[in-house]
$ cat model21.cif   # mmCIF, C-alpha atoms and all ligand atoms
data_upload
#
loop_
_atom_site.label_atom_id
_atom_site.label_comp_id
_atom_site.auth_asym_id
_atom_site.auth_seq_id
_atom_site.Cartn_x
_atom_site.Cartn_y
_atom_site.Cartn_z
CA MET B 1 145.59 117.09 61.66
CA HIS B 2 143.89 114.73 59.21
CA GLN B 3 143.31 116.23 55.76
CA PRO B 4 140.60 116.68 54.59
CA ALA B 5 139.54 117.88 58.08
CA LEU B 6 137.09 115.65 59.97
CA ASN B 7 134.79 118.48 61.16
CA ALA B 8 131.46 116.64 60.99
CA LEU B 9 132.98 113.44 62.31
CA VAL B 10 134.35 115.26 65.37
CA ASP B 11 130.80 116.54 66.07
CA VAL B 12 128.93 113.30 65.49
CA ASP B 13 131.36 110.74 66.77
CA PRO B 14 134.30 112.24 68.65
CA GLU B 15 135.45 108.80 69.80
CA LEU B 16 135.83 107.55 66.24
CA ALA B 17 137.28 110.86 65.05
CA GLY B 18 139.93 110.62 67.77
CA LEU B 19 140.93 107.17 66.59
CA VAL B 20 141.24 108.31 62.96
CA GLU B 21 143.35 111.30 64.05
CA GLY B 22 145.53 108.95 66.03
CA GLU B 23 146.05 106.70 63.03
CA ALA B 24 146.91 109.69 60.82
CA ARG B 25 149.52 110.87 63.32
CA ARG B 26 150.91 107.35 63.63
CA GLN B 27 151.28 107.12 59.84
CA HIS B 28 152.97 110.52 59.85
CA ASP B 29 155.46 109.82 62.64
CA LYS B 30 156.59 106.34 61.67
CA ILE B 31 158.90 104.85 59.10
CA ARG B 32 156.42 102.57 57.38
CA LEU B 33 158.21 99.61 55.83
CA ILE B 34 155.29 97.21 55.36
CA ALA B 35 155.88 96.12 51.77
CA SER B 36 152.19 96.08 50.83
CA GLU B 37 151.37 99.54 52.20
CA ASN B 38 151.65 103.07 50.89
CA TYR B 39 150.24 106.61 51.20
CA VAL B 40 147.55 107.59 48.68
CA SER B 41 147.43 111.16 47.43
CA THR B 42 145.03 113.72 48.84
CA ALA B 43 143.12 113.55 45.52
CA VAL B 44 142.60 109.79 45.95
CA LEU B 45 141.52 110.34 49.57
CA GLU B 46 138.98 112.95 48.46
CA ALA B 47 137.57 110.73 45.70
CA THR B 48 137.06 107.81 48.09
CA GLY B 49 135.31 110.00 50.66
CA THR B 50 132.44 111.12 48.41
CA VAL B 51 128.69 110.61 47.97
CA LEU B 52 129.49 107.85 45.49
CA THR B 53 129.27 105.53 48.49
CA ASN B 54 125.49 106.14 48.41
CA LYS B 55 124.89 104.53 45.03
CA TYR B 56 123.99 100.99 43.90
CA SER B 57 125.26 100.04 40.42
CA GLU B 58 125.00 96.28 39.92
CA GLY B 59 126.09 95.39 36.40
CA TYR B 60 128.49 97.19 34.08
CA ALA B 61 128.39 100.62 32.41
CA GLY B 62 125.39 100.79 30.07
CA ARG B 63 124.01 97.50 31.44
CA ARG B 64 122.93 98.23 35.03
CA TYR B 65 120.10 96.83 37.13
CA TYR B 66 119.33 100.15 38.87
CA GLU B 67 118.48 103.58 37.45
CA GLY B 68 120.42 106.77 38.10
CA GLN B 69 123.79 105.80 36.64
CA GLN B 70 124.34 109.11 34.77
CA PHE B 71 127.55 109.79 36.68
CA VAL B 72 128.62 106.38 37.93
CA ASP B 73 128.77 104.95 34.39
CA PRO B 74 131.29 107.52 33.15
CA ILE B 75 133.29 107.21 36.39
CA GLU B 76 133.65 103.44 36.02
CA THR B 77 134.33 103.83 32.29
CA LEU B 78 137.13 106.30 33.05
CA ALA B 79 138.72 103.82 35.45
CA VAL B 80 138.46 101.01 32.88
CA ILE B 81 139.91 103.10 30.03
CA ARG B 82 142.76 104.33 32.20
CA ALA B 83 143.61 100.79 33.36
CA LYS B 84 143.60 99.54 29.77
CA GLU B 85 145.85 102.37 28.62
CA LEU B 86 148.24 102.26 31.56
CA PHE B 87 148.89 98.51 31.38
CA GLY B 88 148.26 98.03 27.65
CA VAL B 89 145.58 95.35 28.05
CA ASP B 90 142.45 94.55 26.00
CA HIS B 91 140.14 94.38 28.99
CA ALA B 92 139.88 95.60 32.58
CA ASN B 93 137.35 94.97 35.34
CA VAL B 94 137.70 97.45 38.20
CA GLN B 95 134.93 96.06 40.43
CA PRO B 96 136.61 93.36 42.59
CA TYR B 97 136.35 94.43 46.23
CA SER B 98 139.94 93.43 46.97
CA GLY B 99 142.73 91.14 45.80
CA SER B 100 141.38 87.97 47.39
CA PRO B 101 137.88 88.20 45.86
CA ALA B 102 139.50 89.13 42.52
CA ASN B 103 141.44 85.86 42.63
CA LEU B 104 138.35 83.92 43.67
CA ALA B 105 136.60 85.32 40.60
CA VAL B 106 139.42 83.89 38.46
CA TYR B 107 138.74 80.40 39.88
CA LEU B 108 135.02 80.85 39.27
CA ALA B 109 135.72 81.90 35.68
CA PHE B 110 137.96 79.00 34.68
CA LEU B 111 137.68 76.06 37.13
CA ARG B 112 135.09 73.70 38.59
CA PRO B 113 135.35 72.67 42.24
CA GLY B 114 138.05 70.01 42.60
CA ASP B 115 140.00 71.15 39.51
CA LYS B 116 143.72 71.61 39.84
CA VAL B 117 145.53 74.91 40.45
CA MET B 118 149.26 75.44 40.77
CA GLY B 119 150.75 78.31 42.74
CA MET B 120 153.73 79.24 44.84
CA ALA B 121 153.52 77.79 48.36
CA LEU B 122 152.56 80.43 50.97
CA PRO B 123 155.69 79.89 53.12
CA MET B 124 157.81 80.32 49.99
CA GLY B 125 156.32 83.73 49.22
CA GLY B 126 153.01 82.88 47.50
CA HIS B 127 149.55 84.15 48.52
CA LEU B 128 146.80 82.35 50.44
CA THR B 129 144.53 82.56 47.39
CA HIS B 130 146.97 80.66 45.18
CA GLY B 131 145.65 77.38 46.58
CA TRP B 132 146.97 77.40 50.15
CA SER B 133 145.24 74.86 52.43
CA VAL B 134 143.47 77.23 54.86
CA SER B 135 142.03 79.31 51.99
CA ALA B 136 138.79 78.48 50.17
CA THR B 137 141.01 78.09 47.11
CA GLY B 138 142.86 75.23 48.81
CA LYS B 139 139.71 73.66 50.29
CA TRP B 140 137.53 73.71 47.18
CA PHE B 141 140.21 73.07 44.56
CA THR B 142 143.10 70.63 44.28
CA SER B 143 146.31 72.54 44.65
CA VAL B 144 149.93 71.82 43.89
CA ARG B 145 152.69 74.16 45.00
CA TYR B 146 156.07 75.15 43.73
CA ALA B 147 158.87 76.43 45.94
CA VAL B 148 162.08 78.38 45.78
CA THR B 149 165.44 76.63 45.76
CA LYS B 150 167.10 76.49 49.17
CA GLU B 151 170.52 77.65 47.95
CA THR B 152 169.37 80.58 45.80
CA GLY B 153 166.08 81.67 47.39
CA ARG B 154 164.74 81.92 43.83
CA VAL B 155 162.19 79.97 41.81
CA ASP B 156 163.80 77.28 39.65
CA MET B 157 161.79 77.33 36.41
CA ASP B 158 162.88 73.78 35.54
CA GLU B 159 161.24 72.54 38.74
CA VAL B 160 158.08 74.50 37.94
CA ARG B 161 158.00 72.93 34.45
CA ASP B 162 158.49 69.40 35.83
CA LEU B 163 155.70 69.90 38.38
CA ALA B 164 153.34 71.32 35.73
CA ARG B 165 154.05 68.41 33.35
CA ALA B 166 153.43 65.86 36.11
CA GLU B 167 150.30 67.50 37.57
CA ARG B 168 148.73 69.24 34.53
CA PRO B 169 146.97 72.07 36.46
CA LYS B 170 144.22 74.01 34.69
CA LEU B 171 145.29 77.29 36.28
CA ILE B 172 148.78 78.52 37.15
CA PHE B 173 149.49 81.52 39.38
CA CYS B 174 152.74 83.42 39.30
CA GLY B 175 153.49 86.27 41.68
CA GLY B 176 153.21 86.46 45.45
CA THR B 177 153.60 88.42 48.65
CA ALA B 178 157.22 87.92 49.64
CA ILE B 179 159.16 87.61 46.39
CA PRO B 180 162.20 89.93 46.30
CA ARG B 181 163.14 88.99 42.73
CA THR B 182 161.88 89.68 39.20
CA ILE B 183 159.15 87.31 38.06
CA ASP B 184 159.97 85.52 34.81
CA PHE B 185 156.64 85.96 33.03
CA PRO B 186 157.83 84.59 29.64
CA ALA B 187 159.06 81.36 31.28
CA PHE B 188 155.76 80.88 33.15
CA ALA B 189 153.87 81.56 29.89
CA GLU B 190 155.83 78.89 28.04
CA ILE B 191 155.07 76.32 30.77
CA ALA B 192 151.36 77.23 30.88
CA ARG B 193 151.14 76.91 27.10
CA GLU B 194 152.82 73.52 27.17
CA VAL B 195 150.34 72.05 29.70
CA ASP B 196 147.37 74.02 28.35
CA ALA B 197 146.75 75.93 31.60
CA VAL B 198 145.50 79.50 32.01
CA LEU B 199 148.35 81.61 33.39
CA VAL B 200 147.38 84.26 35.94
CA ALA B 201 149.95 86.89 36.81
CA ASP B 202 149.06 88.14 40.29
CA ILE B 203 150.89 91.48 40.30
CA ALA B 204 149.29 92.81 43.51
CA HIS B 205 152.66 93.78 44.99
CA ILE B 206 154.39 95.04 41.87
CA ALA B 207 151.62 96.69 39.82
CA GLY B 208 153.01 100.17 40.51
CA LEU B 209 156.50 99.10 39.51
CA ILE B 210 155.13 97.65 36.26
CA ALA B 211 153.06 100.77 35.54
CA GLY B 212 156.13 102.92 36.18
CA GLY B 213 158.42 100.78 34.04
CA ALA B 214 160.51 99.48 36.95
CA HIS B 215 159.56 95.79 36.54
CA PRO B 216 158.85 93.82 33.32
CA SER B 217 155.17 93.58 32.39
CA PRO B 218 153.21 90.31 32.18
CA VAL B 219 151.15 91.70 29.29
CA GLY B 220 151.58 89.53 26.21
CA HIS B 221 152.63 86.60 28.41
CA ALA B 222 149.83 86.10 30.95
CA PRO B 223 146.33 86.22 29.44
CA VAL B 224 144.88 87.02 32.88
CA ILE B 225 146.30 89.57 35.30
CA SER B 226 145.08 90.14 38.84
CA THR B 227 146.12 93.06 40.98
CA THR B 228 145.24 94.99 44.07
CA THR B 229 145.16 98.76 43.66
CA HIS B 230 146.48 99.79 47.09
CA LYS B 231 150.08 98.52 47.22
CA THR B 232 152.80 99.94 44.95
CA LEU B 233 150.06 101.23 42.61
CA ARG B 234 149.13 103.73 45.34
CA GLY B 235 145.35 103.73 44.94
CA PRO B 236 142.52 103.01 47.39
CA ARG B 237 141.97 99.50 48.79
CA GLY B 238 140.54 97.56 45.85
CA ALA B 239 141.48 95.34 42.95
CA MET B 240 141.32 94.88 39.18
CA LEU B 241 141.26 91.95 36.81
CA MET B 242 142.80 92.52 33.40
CA SER B 243 142.92 90.17 30.43
CA ASP B 244 143.12 89.61 26.73
CA ALA B 245 139.85 89.84 24.75
CA GLU B 246 139.33 86.06 24.84
CA HIS B 247 139.00 85.84 28.65
CA ALA B 248 137.12 89.12 29.19
CA SER B 249 133.56 87.91 29.31
CA ALA B 250 134.27 84.92 31.61
CA LEU B 251 135.99 87.25 34.10
CA ASP B 252 133.23 89.87 34.01
CA LYS B 253 130.53 87.25 34.62
CA ALA B 254 132.54 85.75 37.46
CA VAL B 255 132.91 89.11 39.26
CA PHE B 256 129.24 90.02 38.70
CA PRO B 257 126.88 88.24 39.09
CA GLY B 258 129.13 85.29 39.97
CA LEU B 259 130.67 86.56 43.15
CA GLN B 260 129.74 90.14 43.99
CA GLY B 261 126.81 92.52 44.14
CA GLY B 262 127.07 96.27 43.73
CA PRO B 263 130.50 97.73 43.02
CA HIS B 264 132.00 100.18 45.54
CA ASN B 265 131.70 103.30 43.41
CA HIS B 266 133.68 105.55 45.77
CA THR B 267 136.55 103.08 45.48
CA THR B 268 136.17 102.96 41.70
CA ALA B 269 136.54 106.76 41.64
CA GLY B 270 139.68 106.55 43.77
CA ILE B 271 141.08 103.89 41.44
CA ALA B 272 140.39 106.14 38.42
CA VAL B 273 142.32 108.99 40.07
CA ALA B 274 145.21 106.71 41.07
CA LEU B 275 145.45 105.37 37.50
CA ARG B 276 145.61 108.90 36.14
CA GLU B 277 148.42 109.67 38.59
CA ALA B 278 150.21 106.43 37.67
CA ALA B 279 150.39 107.53 34.02
CA THR B 280 152.55 110.57 34.84
CA PRO B 281 156.35 110.93 34.61
CA GLU B 282 156.43 111.67 38.38
CA PHE B 283 154.94 108.23 39.04
CA SER B 284 157.56 106.57 36.88
CA ARG B 285 160.25 108.41 38.87
CA TYR B 286 158.60 107.18 42.09
CA ALA B 287 158.54 103.56 40.82
CA HIS B 288 162.24 103.64 39.95
CA ALA B 289 163.05 105.35 43.27
CA VAL B 290 161.19 102.58 45.15
CA VAL B 291 163.53 100.01 43.59
CA ALA B 292 166.65 102.16 44.08
CA ASN B 293 165.73 102.63 47.76
CA ALA B 294 165.13 98.90 48.26
CA LYS B 295 168.49 98.07 46.70
CA ALA B 296 170.26 100.67 48.86
CA LEU B 297 168.51 99.44 52.01
CA ALA B 298 169.34 95.81 51.14
CA GLU B 299 172.99 96.68 50.64
CA ALA B 300 173.17 98.58 53.94
CA LEU B 301 171.52 95.67 55.78
CA VAL B 302 173.95 93.16 54.25
CA ASP B 303 176.82 95.43 55.34
CA ARG B 304 175.48 95.12 58.90
CA GLY B 305 175.48 91.34 58.74
CA PHE B 306 171.80 90.68 57.99
CA ASP B 307 170.97 87.57 55.89
CA LEU B 308 168.64 88.41 53.01
CA VAL B 309 166.67 85.71 51.22
CA SER B 310 168.20 85.47 47.71
CA GLY B 311 170.92 87.86 48.91
CA GLY B 312 169.20 91.09 47.87
CA THR B 313 166.30 92.49 45.87
CA ASP B 314 165.24 93.44 42.33
CA ASN B 315 162.04 95.17 43.39
CA HIS B 316 160.47 96.98 46.37
CA LEU B 317 160.76 94.12 48.86
CA ILE B 318 163.37 92.65 51.19
CA LEU B 319 163.00 89.40 53.11
CA MET B 320 165.45 88.94 56.01
CA ASP B 321 166.25 85.77 57.93
CA LEU B 322 167.10 86.72 61.51
CA ALA B 323 168.36 83.26 62.57
CA SER B 324 171.99 84.43 62.56
CA LYS B 325 171.05 87.43 64.76
CA GLY B 326 169.75 85.17 67.53
CA ILE B 327 166.23 86.65 67.57
CA ALA B 328 162.92 85.55 66.03
CA GLY B 329 160.89 87.72 63.67
CA LYS B 330 158.03 88.54 66.02
CA PRO B 331 159.97 90.03 68.97
CA ALA B 332 162.16 91.92 66.48
CA ALA B 333 159.09 93.34 64.67
CA LYS B 334 157.51 94.37 67.98
CA ALA B 335 160.68 96.11 69.16
CA LEU B 336 161.04 97.88 65.80
CA ASP B 337 157.43 99.06 65.97
CA ARG B 338 158.10 100.56 69.39
CA ALA B 339 161.07 102.34 67.80
CA GLY B 340 158.75 103.80 65.13
CA ILE B 341 159.83 101.40 62.40
CA GLU B 342 156.80 99.47 61.20
CA LEU B 343 157.19 96.18 59.32
CA ASN B 344 155.93 92.62 59.60
CA TYR B 345 157.36 89.34 60.80
CA ASN B 346 157.34 86.82 58.00
CA THR B 347 158.07 83.19 57.25
CA VAL B 348 161.29 82.65 55.30
CA PRO B 349 161.63 79.74 52.84
CA PHE B 350 162.34 76.45 54.70
CA ASP B 351 161.63 78.21 58.00
CA PRO B 352 162.25 75.86 60.95
CA ARG B 353 159.92 78.00 63.11
CA LYS B 354 156.09 78.14 63.10
CA PRO B 355 154.11 80.54 60.83
CA PHE B 356 152.86 82.58 63.81
CA ASP B 357 156.39 82.88 65.22
CA PRO B 358 158.66 82.73 62.18
CA SER B 359 162.33 83.58 61.60
CA GLY B 360 162.05 86.49 59.24
CA LEU B 361 161.10 90.10 58.65
CA ARG B 362 159.60 91.52 55.46
CA LEU B 363 160.36 95.14 54.53
CA GLY B 364 159.44 97.29 51.57
CA THR B 365 160.17 100.80 50.38
CA PRO B 366 156.95 102.00 48.62
CA ALA B 367 155.63 104.09 51.53
CA VAL B 368 158.92 105.72 52.53
CA THR B 369 159.58 106.53 48.87
CA THR B 370 156.20 108.23 48.59
CA ARG B 371 157.14 110.29 51.67
CA GLY B 372 160.26 111.42 49.81
CA LEU B 373 163.06 109.45 51.45
CA GLY B 374 165.93 108.66 49.08
CA VAL B 375 168.92 106.33 48.86
CA GLU B 376 170.94 108.67 51.09
CA GLN B 377 168.63 107.86 54.06
CA MET B 378 168.77 104.07 53.65
CA PRO B 379 172.03 103.50 55.60
CA GLN B 380 170.46 105.39 58.55
CA LEU B 381 167.37 103.14 58.38
CA ALA B 382 169.59 100.04 58.33
CA ALA B 383 171.58 101.38 61.29
CA TRP B 384 168.40 101.93 63.32
CA ILE B 385 167.10 98.47 62.43
CA ASP B 386 170.42 96.94 63.50
CA GLN B 387 170.50 98.90 66.78
CA VAL B 388 166.90 97.99 67.65
CA VAL B 389 167.43 94.28 66.93
CA ASP B 390 170.50 94.44 69.17
CA ALA B 391 168.61 96.35 71.87
CA ALA B 392 165.72 93.85 71.74
CA ASN B 393 168.20 91.01 72.23
CA THR B 394 169.78 92.67 75.25
CA GLY B 395 166.70 94.34 76.77
CA GLN B 396 167.87 97.93 76.30
CA ASP B 397 164.52 99.75 76.28
CA ALA B 398 166.17 103.18 76.48
CA VAL B 399 167.82 102.64 73.08
CA ILE B 400 164.44 101.79 71.54
CA ASP B 401 162.83 104.92 73.04
CA ARG B 402 165.70 107.13 71.84
CA ILE B 403 165.39 105.78 68.28
CA ALA B 404 161.59 106.33 68.28
CA GLY B 405 162.30 110.01 68.93
CA GLU B 406 164.92 110.19 66.18
CA VAL B 407 162.57 108.48 63.71
CA ALA B 408 159.73 110.95 64.41
CA GLU B 409 162.19 113.82 64.05
CA LEU B 410 163.34 112.55 60.64
CA MET B 411 159.80 111.97 59.37
CA ALA B 412 158.68 115.45 60.47
CA GLY B 413 160.76 116.70 57.54
CA TYR B 414 158.75 114.71 54.96
CA PRO B 415 155.16 115.78 54.23
CA MET B 416 152.41 113.17 54.25
CA PRO B 417 149.36 113.44 52.01
CA GLY B 418 146.34 113.39 54.32
CA TRP B 419 148.08 115.21 57.17
CA ALA B 420 148.85 118.85 57.85
C1 LIG D 1 147.84 91.48 48.76
C2 LIG D 1 147.73 90.33 47.83
C3 LIG D 1 146.50 89.73 47.53
C4 LIG D 1 145.22 90.00 48.28
O1 LIG D 1 144.82 91.24 48.44
P1 LIG D 1 143.73 91.65 49.55
O2 LIG D 1 143.29 92.96 49.03
O3 LIG D 1 144.47 91.70 50.84
O4 LIG D 1 142.66 90.62 49.56
C5 LIG D 1 146.47 88.75 46.56
N1 LIG D 1 147.59 88.36 45.94
C6 LIG D 1 148.79 88.87 46.24
C7 LIG D 1 149.99 88.39 45.50
C8 LIG D 1 148.90 89.86 47.20
O5 LIG D 1 150.10 90.36 47.49
#
$ encode --input "model21.cif" --output "structure tokens" --more "lines below"
Ligand SMILES: *Cc1c(COP(=O)(O)O)cnc(C)c1O
Amino acid sequence: MHQPALNALVDVDPELAGLVEGEARRQHDKIRLIASENYVSTAVLEATGTVLTNKYSEGYAGRRYYEGQQFVDPIETLAVIRAKELFGVDHANVQPYSGSPANLAVYLAFLRPGDKVMGMALPMGGHLTHGWSVSATGKWFTSVRYAVTKETGRVDMDEVRDLARAERPKLIFCGGTAIPRTIDFPAFAEIAREVDAVLVADIAHIAGLIAGGAHPSPVGHAPVISTTTHKTLRGPRGAMLMSDAEHASALDKAVFPGLQGGPHNHTTAGIAVALREAATPEFSRYAHAVVANAKALAEALVDRGFDLVSGGTDNHLILMDLASKGIAGKPAAKALDRAGIELNYNTVPFDPRKPFDPSGLRLGTPAVTTRGLGVEQMPQLAAWIDQVVDAANTGQDAVIDRIAGEVAELMAGYPMPGWA
């Protein structure tokens, strides 16, 4: 049953309540390997489900356009102080509705329409909002894109430097959505300094690893840092912009009134709770365990003949190229989902297939680590993945059904916050 219990919801809207219960059970029974997902704590769930959703608070603490901020002001201030302390930054804005609007606010703060932005190409592991063509950031700004090297699957910093010197972008993004390797923040900072660009470290995927000391921090290298709060950081769906003192006011004005109206105060409260949790030794243990699990899973997959982009992982994320297994990413992901193993099909660098039917799978260990799985379970996960890919190739539905049962049986031994 969902926790906290949905008593009123069951009365008022049983149809909706049934769907939420179904989703809670699904999250409980499955091995969730979507690299951008997690399980928030019961405390974060409670904070986001409060009367704070009733309140309008346009502006910032002490400077609001509506009365009645006696409690919202200290709540937002707590979130800001905790973000500043956790990451060691001068300034934090906790109001962006999500990662994409946070990045749009960065453009609004530092560029004019048509100005040049440089980011990692989406099919190479970047994010839509780093200037990709279908995004507003690619339509309204001029974008240039760097790639990974075919042989290594890693970013070649000499190529990035050459591109930056030739194109002279005003804004440079580092970070992305499918990067299994450590991001070289000092090298990006040196390049940005040389061409006089603002460097933005988009740490949406790795914020929790950075907070827990399991990935180097961009602080001191990137003057502007963008992050979601709901991936490895394990907070509610939302985002933050952090910066040095110099860029603070431009970012604040861009978020409000530049782009948004009233902040989502219930989300702000959930972010404050998540940041408090992220400052604990337990969280640091979790962050290191996420990386240890990803490395163990990568090793077990390589042992079973899977091709990993860059050959392995430094962080929470694994990108596999299934070409050598004779199956595309989408049918493999669908078969794995039926077997209770949830992940996403993904483009791999230099993918010969189309984005909606690509060659790869993306996996990550944040959610299973939160559930309590350790390195000793990773060979079993790799074995199931291997067997399901094989079964999908040969049409053995019975194998997939058997594994779904085994997966649910394993996960029954690991408690899930939000379910009892
Ligand atoms: C997830 C992500 C975003 C966008 O976050 P949304 O909350 O989905 O809008 C932006 N940048 C990167 C690198 C991401 O991984």
$ closest_residue --input "model21.cif" --among "B:Leu363, B:Leu322, B:Ala204, B:Val134" --to "Glu342 (chain B)" --atoms "only C-alpha atoms"
B:Leu363
$ closest_residue --input "model21.cif" --among "B:Ile75, B:Met120, B:Ala296, B:Leu373" --to "Cys174 (chain B)" --atoms "only C-alpha atoms"
B:Met120
$ residues_around --input "model21.cif" --residues "region 241-251 of chain B" --least-positions-apart "5" --cutoff "12 Å" --atoms "all atoms listed in the file" --output "JSON, numbers by chain"
{"B": [60, 80, 81, 82, 83, 84, 85, 86, 87, 88, 89, 90, 91, 92, 93, 94, 95, 96, 97, 98, 99, 100, 101, 102, 103, 104, 105, 106, 107, 108, 109, 110, 111, 198, 199, 200, 201, 202, 203, 204, 207, 218, 219, 220, 221, 222, 223, 224, 225, 226, 227, 228, 229, 256, 257, 258, 259]}
$ axis_aligned_box --input "model21.cif" --around "region 351-366 of chain B" --padding-each-side "8 Å" --output "lines of an AutoDock Vina configuration file"
center_x = 157.6
center_y = 88.9
center_z = 56.9
size_x = 25.5
size_y = 42.1
size_z = 32.6
$ closest_residue --input "model21.cif" --among "B:Trp419, B:Ala24, B:Leu16, B:Leu52" --to "Gly270 (chain B)" --atoms "all atoms listed in the file"
B:Leu52
$ build_atoms --input "model21.cif" --residues "region 49-55 of chain B" --atoms "all heavy atoms" --output "PDB file, in the frame of the given file"
ATOM      1  N   GLY B  49     136.181 109.512  49.593  1.00  0.00           N
ATOM      2  CA  GLY B  49     135.310 110.000  50.660  1.00  0.00           C
ATOM      3  C   GLY B  49     134.120 110.796  50.127  1.00  0.00           C
ATOM      4  O   GLY B  49     133.785 111.834  50.687  1.00  0.00           O
ATOM      5  N   THR B  50     133.507 110.338  49.061  1.00  0.00           N
ATOM      6  CA  THR B  50     132.440 111.120  48.410  1.00  0.00           C
ATOM      7  C   THR B  50     131.080 110.428  48.507  1.00  0.00           C
ATOM      8  O   THR B  50     130.977 109.283  48.966  1.00  0.00           O
ATOM      9  CB  THR B  50     132.750 111.303  46.912  1.00  0.00           C
ATOM     10  OG1 THR B  50     132.890 110.007  46.331  1.00  0.00           O
ATOM     11  CG2 THR B  50     134.021 112.102  46.703  1.00  0.00           C
ATOM     12  N   VAL B  51     130.065 111.126  47.983  1.00  0.00           N
ATOM     13  CA  VAL B  51     128.690 110.610  47.970  1.00  0.00           C
ATOM     14  C   VAL B  51     128.532 109.388  47.053  1.00  0.00           C
ATOM     15  O   VAL B  51     127.464 108.772  47.029  1.00  0.00           O
ATOM     16  CB  VAL B  51     127.689 111.694  47.516  1.00  0.00           C
ATOM     17  CG1 VAL B  51     127.641 112.845  48.506  1.00  0.00           C
ATOM     18  CG2 VAL B  51     128.037 112.206  46.118  1.00  0.00           C
ATOM     19  N   LEU B  52     129.576 109.049  46.330  1.00  0.00           N
ATOM     20  CA  LEU B  52     129.490 107.850  45.490  1.00  0.00           C
ATOM     21  C   LEU B  52     129.218 106.603  46.325  1.00  0.00           C
ATOM     22  O   LEU B  52     128.705 105.606  45.825  1.00  0.00           O
ATOM     23  CB  LEU B  52     130.800 107.671  44.705  1.00  0.00           C
ATOM     24  CG  LEU B  52     131.063 108.773  43.670  1.00  0.00           C
ATOM     25  CD1 LEU B  52     132.480 108.682  43.138  1.00  0.00           C
ATOM     26  CD2 LEU B  52     130.056 108.672  42.536  1.00  0.00           C
ATOM     27  N   THR B  53     129.542 106.668  47.604  1.00  0.00           N
ATOM     28  CA  THR B  53     129.270 105.530  48.490  1.00  0.00           C
ATOM     29  C   THR B  53     127.769 105.305  48.667  1.00  0.00           C
ATOM     30  O   THR B  53     127.351 104.255  49.141  1.00  0.00           O
ATOM     31  CB  THR B  53     129.973 105.736  49.863  1.00  0.00           C
ATOM     32  OG1 THR B  53     130.055 104.478  50.536  1.00  0.00           O
ATOM     33  CG2 THR B  53     129.252 106.736  50.729  1.00  0.00           C
ATOM     34  N   ASN B  54     126.947 106.265  48.259  1.00  0.00           N
ATOM     35  CA  ASN B  54     125.490 106.140  48.410  1.00  0.00           C
ATOM     36  C   ASN B  54     124.805 105.349  47.306  1.00  0.00           C
ATOM     37  O   ASN B  54     123.608 105.089  47.374  1.00  0.00           O
ATOM     38  CB  ASN B  54     124.832 107.539  48.410  1.00  0.00           C
ATOM     39  CG  ASN B  54     125.291 108.398  49.583  1.00  0.00           C
ATOM     40  OD1 ASN B  54     125.755 107.879  50.585  1.00  0.00           O
ATOM     41  ND2 ASN B  54     125.168 109.711  49.438  1.00  0.00           N
ATOM     42  N   LYS B  55     125.544 104.994  46.259  1.00  0.00           N
ATOM     43  CA  LYS B  55     124.890 104.530  45.030  1.00  0.00           C
ATOM     44  C   LYS B  55     125.057 103.033  44.770  1.00  0.00           C
ATOM     45  O   LYS B  55     126.151 102.503  44.914  1.00  0.00           O
ATOM     46  CB  LYS B  55     125.488 105.323  43.846  1.00  0.00           C
ATOM     47  CG  LYS B  55     124.842 105.034  42.522  1.00  0.00           C
ATOM     48  CD  LYS B  55     123.441 105.663  42.408  1.00  0.00           C
ATOM     49  CE  LYS B  55     122.655 105.069  41.240  1.00  0.00           C
ATOM     50  NZ  LYS B  55     121.435 104.389  41.699  1.00  0.00           N
TER      51      LYS B  55
END
